[in-house]
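Structure, as structure tokens:
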Amino acid sequence: MKVKLIKPTIGRQEHSLYVDEGRMEPLMLGVLAGLTPPDVELVLHDDRMESIPYDDPADLVAITVETYTARRAYEIAGQFRRRGVPVILGGMHVSLLPEEAAAHADSIFIGDAEAGWPRVIADARAARLRPRYHGAPGAAQAGGVQPRRDLFKGKGYLPIALMQFSRGCRFACGFCAVSQYFGRKHYLRRIAEVVAEIESQARRFIFFVDDNIASDRAALRELCHALIPLRVHWISQASLDVTQDRELMGLMEKSGCWGNVMGFESISPASLRDARKSPNIPDFSHYEREVAVLREHGMQTWAAFTLGHDHDTLDSIRATVDFALRSKFAFAAYNILMPYPGTPLYRRLAEENRLLYDGKWWLHPEYRFNHAAFLPARMSPDELTAACHAARTRYNSFGCLARRFSDWKTHLRSAARALSYWRYSLLFRKEVFKKHGMRFGLR
Ligand code: SF4
């Protein structure tokens, strides 16, 4: 039996194909491969950098779907199905919109695939694939499943090992699909299994792709203690409230944490309240305290902002860039607030009749990456799109890159840190401009 695992790309640029130069390992597909019986032949096709050989025979095709890649994922599924190859779709987007996904596949997997994947393989082998499979949300890689990293070789992924310690988040930000999917629960993997996975591979730089690694501080404390003797460097995604815990910040630093993706979202308390961004709201100090703590612990922070909340104006967006430059973040992502399906934000905008692109921007042929998909309250959609683009352009100018770099507490702390700053800032700068205005799907 032969199974193809496919990671779709987002789409294409106006006049050329898009190759994602900042691509990272598709961890979940590696985990599925680790769960597949050894007598099954597995091939990984990464649509972000290689073409998919549709005519090459296969008995099953499994495609992981995110909202941004849904249009392309359905195109790929259509190609295989026309050739008579059964297709199963899974991933967060499928779990949030099962009816939509089911129209493009022979089978869909709703929920976490780990527990049910061996069943899918057994059914496909017997040619009786069911239309739907369900897996309850839970801890990653239960039972010590190891991803098949051998499948990642030769695909040009960044030299960072992706792993997962926890899933879910205890907060409930209104724009975030994570808390909808996991119901505000936080699932932990056994630390011994994480340690075993780190020791089983050669890379010493790890990205824990947790939704919020700081959701359970006691668990993060334990993980840090386990990481200290391993002498790795790591990054992850964490909510800002972790900066209130100075002891934990010290422990993160000692365990090799170089920084986290952190959702600052907005510098306006009114917008934070709109977004229900509760980890940022208590004792709001305009982030002075939080930024000082992060710098003190040497964190090279990737600050994420969402722009277009009902209290945001063109001036407040410009002020957000000033703030990020003053704070000397390693990188800042200026994302337009996106109405992800299934979120409270999506429901509110739908009720207020403010969704554009028929409420399905991820499938709409006219939608372009990084464009506003709803009617903002205090500017037009085009103004919001242009303001976000201007924010990215300014933050990523060479002058601003050099200004941000001059920080002895973070980027200049060591030669390795300085090197990593330039390597990734220049790479992500390039990707930001390449992706702007991109079409979804290739057709
Ligand atoms: S803190 Fe982050 S992961 Fe948690 S609900 Fe908010 S946006 Fe989502």
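The way I read the labels, and the way they are meant: chains A, B, ... in the order of the structure tokens, residue 1 as the first residue of every chain, and ligand 1 as the first ligand shown, with later ones counted on from there.
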
Item checked: Contacts of ligand 1, 10 Å or closer, only C-alpha atoms and all ligand atoms, given as a ChimeraX atom specification -> /A:167-180,182-184,186,210-215,237-241,261-265,275-280,304

Checklist line | Which of region 21-118 of chain A fall in strand (DSSP E), as a PyMOL selection string | finding: chain A and resi 41-46+60-64+87-90+107-111

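Across A:Ala292, A:Leu325, A:Ile160, A:Ala140, the tightest approach to Lys409 (chain A) is made by A:Ala292 when counting only C-alpha atoms.
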
Next item on the list: From a DSSP calculation on the backbone, collect every residue of region 292-402 of chain A in helix (DSSP H, G or I) and output the set as a ChimeraX atom specification.
Entry: /A:292-296,314-327,344-351,357-359,381-395,398-402

Checklist line | Who sits within 9 Å of Lys360 (chain A), only C-alpha atoms, same chain under 5 positions skipped, as a PyMOL selection string | finding: chain A and resi 341+355+373

Would you write out those residues with C-alpha atoms, as a compact mmCIF listing (two decimals), in the first residue's frame?
```
# COMPACT_ATOMS: atom_id res chain seq x y z
CA PRO A 341 -14.39 30.62 10.53
CA LEU A 355 -17.90 40.29 6.07
CA ALA A 373 -11.70 40.65 4.49
```
